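K.L.:
What follows is protein39.cif; its format and atoms are mmCIF, C-alpha atoms and all ligand atoms.
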```
data_data
#
loop_
_atom_site.group_PDB
_atom_site.id
_atom_site.type_symbol
_atom_site.label_atom_id
_atom_site.label_comp_id
_atom_site.auth_asym_id
_atom_site.auth_seq_id
_atom_site.Cartn_x
_atom_site.Cartn_y
_atom_site.Cartn_z
ATOM 1 C CA MET R 196 152.509 117.531 66.091
ATOM 2 C CA GLY R 197 152.496 120.505 68.440
ATOM 3 C CA LEU R 198 155.152 123.002 69.408
ATOM 4 C CA PHE R 199 156.145 121.093 72.502
ATOM 5 C CA ASP R 200 156.551 117.707 70.904
ATOM 6 C CA ALA R 201 160.042 116.281 71.002
ATOM 7 C CA PRO R 202 161.429 115.198 67.608
ATOM 8 C CA GLU R 203 162.365 111.782 68.934
ATOM 9 C CA PRO R 204 161.549 109.538 71.916
ATOM 10 C CA VAL R 205 163.358 110.514 75.095
ATOM 11 C CA ASN R 206 164.224 109.152 78.524
ATOM 12 C CA VAL R 207 161.996 110.600 81.210
ATOM 13 C CA GLU R 208 162.841 111.211 84.830
ATOM 14 C CA VAL R 209 160.120 111.690 87.440
ATOM 15 C CA LYS R 210 161.209 112.849 90.867
ATOM 16 C CA GLY R 211 164.611 111.274 90.386
ATOM 17 C CA ASN R 212 163.234 108.017 89.020
ATOM 18 C CA ILE R 213 163.666 106.873 85.449
ATOM 19 C CA LEU R 214 160.230 106.392 83.969
ATOM 20 C CA GLN R 215 159.750 102.830 82.833
ATOM 21 C CA CYS R 216 156.745 101.693 80.832
ATOM 22 C CA LEU R 217 154.262 99.947 83.109
ATOM 23 C CA VAL R 218 153.540 97.399 80.439
ATOM 24 C CA CYS R 219 156.763 96.577 78.585
ATOM 25 C CA ARG R 220 159.424 98.310 80.752
ATOM 26 C CA HIS R 221 160.675 100.305 77.801
ATOM 27 C CA GLN R 222 162.383 103.587 78.727
ATOM 28 C CA LYS R 223 161.849 105.754 75.659
ATOM 29 C CA PHE R 224 158.790 107.945 75.453
ATOM 30 C CA TRP R 225 157.180 110.507 73.204
ATOM 31 C CA ARG R 226 156.273 113.640 75.096
ATOM 32 C CA ARG R 227 152.870 115.218 74.586
ATOM 33 C CA GLU R 228 150.999 117.947 76.334
ATOM 34 C CA ALA R 229 147.277 117.464 76.505
ATOM 35 C CA GLN R 230 144.635 120.004 77.296
ATOM 36 C CA LEU R 231 142.131 118.632 79.762
ATOM 37 C CA HIS R 232 138.475 119.401 79.634
ATOM 38 C CA THR R 233 137.067 121.489 82.439
ATOM 39 C CA ALA R 234 134.899 118.512 83.378
ATOM 40 C CA THR R 235 138.047 116.437 83.880
ATOM 41 C CA ALA R 236 139.531 119.113 86.144
ATOM 42 C CA THR R 237 136.335 119.107 88.168
ATOM 43 C CA PHE R 238 136.589 115.341 88.479
ATOM 44 C CA PHE R 239 140.082 115.701 89.953
ATOM 45 C CA GLN R 240 138.802 118.514 92.140
ATOM 46 C CA MET R 241 141.017 121.095 90.511
ATOM 47 C CA GLU R 242 140.141 124.658 89.799
ATOM 48 C CA TRP R 243 142.281 125.346 86.777
ATOM 49 C CA THR R 244 140.792 127.214 83.905
ATOM 50 C CA ASN R 245 143.128 125.610 81.364
ATOM 51 C CA PRO R 246 144.437 122.417 82.929
ATOM 52 C CA THR R 247 147.237 120.754 80.997
ATOM 53 C CA ALA R 248 148.461 117.226 81.522
ATOM 54 C CA LEU R 249 151.896 115.997 80.555
ATOM 55 C CA CYS R 250 151.724 112.743 78.645
ATOM 56 C CA TYR R 251 154.433 110.240 77.811
ATOM 57 C CA VAL R 252 153.619 107.665 75.196
ATOM 58 C CA CYS R 253 155.731 104.505 75.267
ATOM 59 C CA ASP R 254 157.772 104.278 72.079
ATOM 60 C CA ASN R 255 157.532 100.485 72.152
ATOM 61 C CA CYS R 256 153.940 99.593 73.018
ATOM 62 C CA GLY R 257 152.133 102.930 72.956
ATOM 63 C CA TYR R 258 150.963 102.827 76.554
ATOM 64 C CA LEU R 259 150.094 106.324 77.731
ATOM 65 C CA HIS R 260 151.523 107.569 81.017
ATOM 66 C CA TRP R 261 150.207 110.932 82.057
ATOM 67 C CA PHE R 262 151.017 113.378 84.769
ATOM 68 C CA LEU R 263 149.296 116.372 86.217
ATOM 69 C CA PRO R 264 151.500 119.377 86.920
ATOM 70 C CA GLN R 265 152.247 119.917 90.594
HETATM 71 ZN ZN ZN R 301 155.560 100.101 76.678
#
```
Please express the file's structure as structure tokens.

P.N.:
Amino acid sequence: MGLFDAPEPVNVEVKGNILQCLVCRHQKFWRREAQLHTATATFFQMEWTNPTALCYVCDNCGYLHWFLPQ
């Protein structure tokens, strides 16, 4: 558990849309922030030194939805 982890699953809104699990359509997610490897950033053609992705793990089925900061 990191500093940024929410204590309980939350509803997530992305650009005005409620995030719904792609698999089970559940709407509660655990928020995680993940440090990407430099190799991953290169793959996405990014030039960040410490790229961080925002991850939402479905509370129901565990499917991982992740977002790159814009
Ligand atoms: Zn799910």

K.L.:
Within 12 Å of Arg220 of chain R, counting all atoms listed in the file, which residues qualify if same-chain residues fewer than 4 places away don't, as a list of chain:residue names?

P.N.:
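Neighbouring residues, sequence-local ones excluded: R:Ile213, R:Leu214, R:Gln215, R:Cys216, R:Phe224, R:Cys253, R:Asp254, R:Asn255, R:Cys256, R:Gly257, R:Tyr258.
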
K.L.:
Which of these residues is nearest to ligand ZN 301 (chain R), using only C-alpha atoms and all ligand atoms: R:Thr233, R:Asn206, R:Asn212, R:Gln222?

P.N.:
R:Gln222

K.L.:
Identify the residues within 10 Å of coordinate (153.2, 113.3, 84.5) (same frame as the file), considering all atoms listed in the file, and give the answer as a list of chain:residue names.

P.N.:
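Applying the cut-off with all atoms listed in the file, one gets R:Val207, R:Glu208, R:Val209, R:Leu214, R:Arg226, R:Glu228, R:Ala248, R:Leu249, R:Cys250, R:Tyr251, R:His260, R:Trp261, R:Phe262, R:Leu263, R:Pro264, R:Gln265.
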
K.L.:
State, in Å with one decimal place, the distance from atom CA of Trp225 of chain R to atom CA of Lys210 of chain R.

P.N.:
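Atom-to-atom, atom CA of Trp225 of chain R to atom CA of Lys210 of chain R, that is 18.3 Å.
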
K.L.:
Which residues come within 7 Å of Thr247 of chain R, counting all atoms listed in the file, excluding same-chain residues fewer than 6 positions away, as a CSV table (one decimal) with C-alpha atoms, keeping the file's coordinate frame?

P.N.:
```
chain,number,residue,atom,x,y,z
R,228,GLU,CA,151.0,117.9,76.3
R,229,ALA,CA,147.3,117.5,76.5
R,230,GLN,CA,144.6,120.0,77.3
R,231,LEU,CA,142.1,118.6,79.8
```

K.L.:
If I take atom CA of Leu259 of chain R and atom CA of Thr237 of chain R, how far is one from the other in Å, to one decimal?

P.N.:
21.5 Å

K.L.:
To one decimal in Å, tell me the separation between atom CA of Glu203 of chain R and atom CA of Leu217 of chain R.

P.N.:
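Going from atom CA of Glu203 of chain R over to atom CA of Leu217 of chain R covers 20.2 Å.
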